[in-house]
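This report concerns only the one structure given below.
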Amino acid sequence: MREAHPRERAVGIDQYVSETDGIGGRLRVSPADFRVRELEAFDAESLGDANEPNDEDPDRGAYPDRGAYPDRGAYPELVIRVRLTEWDTNDFARRLTDALGISRERVSWAGTKDKHAVTTQLMTVRDADPTAVREVADGIDGASIEVVGVAGRPISFGDLAGNAFEIRVRDPDVGGDEGRRTDAGAAPDDRAAAIADELRAFATGADGPESVDSDDPAAVPNYFGQQRFGSIRPVTHEVGLAIVRGEWHEAVRTYVGNPDDAEPTDTREARAFVDEQFASESPDWEACLDRMPGRLRFERAMLHRLTEPTPEEYADSETAGGRWRHALEAVPSNLQRLFVNAAQSALFNRILSERLDRGIPFHEPVAGDVVCFADDEAPAELYAPDVDRLQHVTEDRVPVLRRHCSRQRAFVTAPLIGTETELADGEPGEIEREVLAEAGIEPADFSLPGEFDSTGTRRALLVTTDLSVSEDLEFAFALPSGSYATVLLREFLKSGPVDL
């Protein structure tokens with residue numbers, strides 16, 4: 001099986017499931033080359049035609065045929081659909097609220113999107129006037145806003161069913177390597193078609209790509225992509241693993257020190273000095289703070305706390321992290337959670353790679369597996385699991401559950417380890433326990449203070465999609481929430497994760 005890039009192996013992604021030479025090439029040459037549209041799972045109370053305000057009788061609301069607006073006391077959230085070109089979601093939210101003269105905290109969305117793309121997604125704005133939103137939209141370059149309606153609560157991550165992608169690969173490699181499935185010099189579109197057929201075979205366990213049809217679904221292991229851990233400096237999971245092991249001191253050092261060759265010179269030098277101070281019996285945290293570049297806000301926030309006296313509530317809790325946890329809690333709560341989530345993700349990736357290495361199928365269960373059933377409310381474009389509905393696979397249930405999986409009514413899962421995670425039995429459970437043992441971790445270790453605590457869940461092993469690939473290398477597919485487009489595209493490009 002073809003070996004993955006070293007940076008991918010560092011986060012548990014050991015292999016490719018396709019053997020054909022990659023096409024190489026570049027993504028996001030222009031924003032239009034990477035288009036993302038949310039598959040919405042959020043209901044709004046309609047306001048009618050959002051583009052025809054009633055100037056003659058504003059007291060009746062914007063829609064005279066419907067009477068006044070729905071009661072905004074019961075529906076305080078204005079639901080808008082935004083189409084953004086080269087906008088980071090957070091930056092756009094700030095720009096919109098600045099234009100409206102309201103707090104950033106009044107804007108919510110289900111998923112943060114890539115800046116270097118054209119994206120379409122829902123947002124909610126609390127207590128916003130539709131007319132005011134339409135007016136400010138004209139003054140924001142690279143953005144268009146459609147008023148959808150109103151809702152009784154803000155949109156959140158759970159309201160995102162998935163995303164539909166249209167992605168163009170530019171400047172592909174012309175030839176291939178000797179000794180692979182395709183002949184050296186095969187055209188990029190031929191290689192892309194061959195890879196697509198290999199992924200269709202992987203989706204069903206077919207004997208080979210020659211036995212699939214072009215309209216069959218394709219699938220890849222449902223790895224967490226490199227961006228989960230940091231594309232340039234993938235250490236987020238290492239910080240999380242140290243936290244889970246109770247090595248709070250090492251967690252801070254790993255995040256603030258620990259230089260990477262891919263970083264700028266001043267950053268590497270500052271991190272190397274931090275490492276020296278961590279090894280010293282009398283570290284100079286003020287000097288570390290002076291050397292740390294201003295752009296590294298989170299590192300500086302941690303160092304700043306190390307320069308201060310440890311608060312009393314932390315000073316007496318060394319077993320719960322003490323001053324080192326206090327330093328880690330200098331970063332936003334979502335990043336605190338991400339540290340542990342990234343650790344869970346890396347362990348999940350390792351479990352998938354080991355299963356792949358052992359030749360255990362992904363598309364159907366074996367005895368001891370845990371399956372989840374399909375999400376009946378997911379949009380038609382998605383093969384979406386519902387991990388709240390689980391079933392252990394006993395020997396006598398294998399045939400029935402294999403039939404469910406073949407019809408996309410069930411999916412084999414692996415754990416995102418936490419305090420309430422139930423591990424599998426049989427060989428799948430053996431893999432899960434071996435990966436945990438190698439990491440020096442047990443499920444109970446995720447019982448942690450504050451934002452670091454995690455109960456865990458399970459996640460589908462396989463991500464399946466209806467895939468089309470054009471001759472000019474435009475890829476169209478849809479993925480459920482939480483799955484990564486780059487995990488599919490890496491099979492086609494077979495380049496480093498930084499290129500994705």
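Every chain in the structure tokens takes a letter, A first, then B, and so on in the order presented; its residues are numbered from 1, and the ligands are numbered from 1 following the presented order.
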
**OP:** Would you list the contacts of Gln15 of chain A as a list in words, taking every protein, DNA or RNA residue within 12 Å and counting only C-alpha atoms, but skipping same-chain residues closer than 3 positions in sequence?
**Re:**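 Selected residues are Met1, Arg2, Glu3, Ala4, His5, Pro6, Arg7, Glu8, Arg9, Ala10, Val11, Gly12, Ser18, Glu19, Val220, Pro221, Tyr223, Asn349, Arg350, Leu352, Ser353, Glu354, Arg355, Leu356, Asp357, Val487, Arg490, Glu491 and Lys494 of chain A.
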
**OP:** With a distance cut-off of 6 Å and only C-alpha atoms, select the neighbouring residues of Ser481 of chain A, excluding the residue or stretch itself and same-chain residues fewer than 2 positions from it, and output the selection as number ranges by chain.
**Re:** A: 161-162, 483

Original post:
Which residues come within 12 Å of segment 75-81 of chain A, counting only C-alpha atoms, excluding same-chain residues fewer than 4 positions away, as a PyMOL selection string?
Top reply: chain A and resi 37-40+42-47+50+69-71+93+96+106-110+119-134+137+143-155

Within 9 Å of segment 308-312 of chain A: each segment 320-438 of chain A residue with its shortest pair, only C-alpha atoms, as a tab-separated table:
residue	atom	partner	partner_atom	distance
A:Gly322	CA	A:Thr310	CA	8.0
A:Arg323	CA	A:Thr310	CA	5.7
A:His326	CA	A:Thr310	CA	7.8

**OP:** If you run DSSP over the backbone, which residues in segment 143-261 of chain A end up strand (DSSP E or B)? Put them as a list of chain:residue names.
**Re:**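 After running DSSP on the backbone, segment 143-261 of chain A has strand (DSSP E or B) at A:Ala143, A:Ser144, A:Ile145, A:Glu146, A:Val147, A:Val148, A:Gly149, A:Val150, A:Ala151, A:Leu160, A:Ala161, A:Gly162, A:Asn163, A:Ala164, A:Phe165, A:Glu166, A:Ile167, A:Arg168, A:Arg170, A:Ala218, A:Ala219, A:Val220, A:Pro221.
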
**OP:** Tell me, as a PyMOL selection string, which residues lie within 10 Å of Ile195 of chain A, counting only C-alpha atoms; anything in the same chain fewer than 3 positions away does not count.
**Re:** chain A and resi 17-23+181-182+189-192+198-201+209+218+491-493

**OP:** Just the residues within 10 Å of Phe92 of chain A, please, counting only C-alpha atoms, with nothing from its chain fewer than 3 positions along; format it as a list in words.
**Re:**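 Listing them by chain and then by number gives Val82, Leu84, Glu86, Trp87, Asp88, Thr89, Arg95, Leu96, Thr97, Asp98, Lys115, Ile140, Gly142 and Ala143 of chain A.
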
Original post:
Suppose you want the space between atom CA of Val340 of chain A and atom CA of Gly240 of chain A; what is it in Å?
Top reply: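 Separation of atom CA of Val340 of chain A and atom CA of Gly240 of chain A: 4.4 Å.
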
Subject >> Closest of A:Gln226, A:Trp324, A:Val136, A:Ala330 to His304 of chain A - atom-to-atom distances counting only C-alpha atoms >> reply: A:Ala330

Compile a residue-level contact table for segment 297-367 of chain A against segment 269-274 of chain A at a cut-off of 12 Å, reporting for every qualifying residue the shortest atom pair and its distance in Å to one decimal, with only C-alpha atoms counted, rows ordered by chain and ascending number, as a Markdown table.
| residue | atom | partner | partner_atom | distance |
| --- | --- | --- | --- | --- |
| A:Glu299 | CA | A:Arg271 | CA | 9.5 |
| A:Arg300 | CA | A:Ala270 | CA | 10.9 |
| A:Met302 | CA | A:Val274 | CA | 11.7 |
| A:Leu303 | CA | A:Val274 | CA | 9.4 |
| A:Leu306 | CA | A:Val274 | CA | 11.8 |

Subject >> Near-His404 of chain A list (12 Å; only C-alpha atoms; drop same-chain fewer than 3 positions) as a PyMOL selection string >> reply: chain A and resi 363-365+371-374+397-401+407-412

Original post:
Which one is closest to Leu436 of chain A: A:Arg358, A:Arg402, A:Arg325, A:Arg245? Count only C-alpha atoms.
Top reply: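 So, comparing all the options, the nearest one is A:Arg245.
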
Original post:
Taking into account only C-alpha atoms, which residue in the set A:Pro428, A:Leu328, A:Leu347, A:Ser231 is nearest to Thr254 of chain A?
Top reply: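 Among A:Pro428, A:Leu328, A:Leu347, A:Ser231, it is A:Leu328 that comes nearest to Thr254 of chain A.
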
**OP:** Just the alpha helix (DSSP H) stuff from segment 240-407 of chain A, please, per backbone DSSP, written as a PyMOL selection string.
**Re:** chain A and resi 240-244+248-256+265-279+285-291+297-307+312-315+322-328+333-358+398-406

Subject >> Distance in Å - atom CA of Thr112 of chain A versus atom CA of Leu160 of chain A >> reply: 10.7 Å

Subject >> Among listed residues A:Gly225, A:Gly208, A:Pro259, A:Pro31, nearest Leu500 of chain A (using only C-alpha atoms) >> reply: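 Under the stated criterion, the closest residue is A:Gly225.
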
Subject >> Among listed residues A:Thr486, A:Thr464, A:Asn90, A:Asn163, nearest Val36 of chain A (using only C-alpha atoms) >> reply: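 When distances to Val36 of chain A are compared using only C-alpha atoms, the smallest one comes from A:Asn163.
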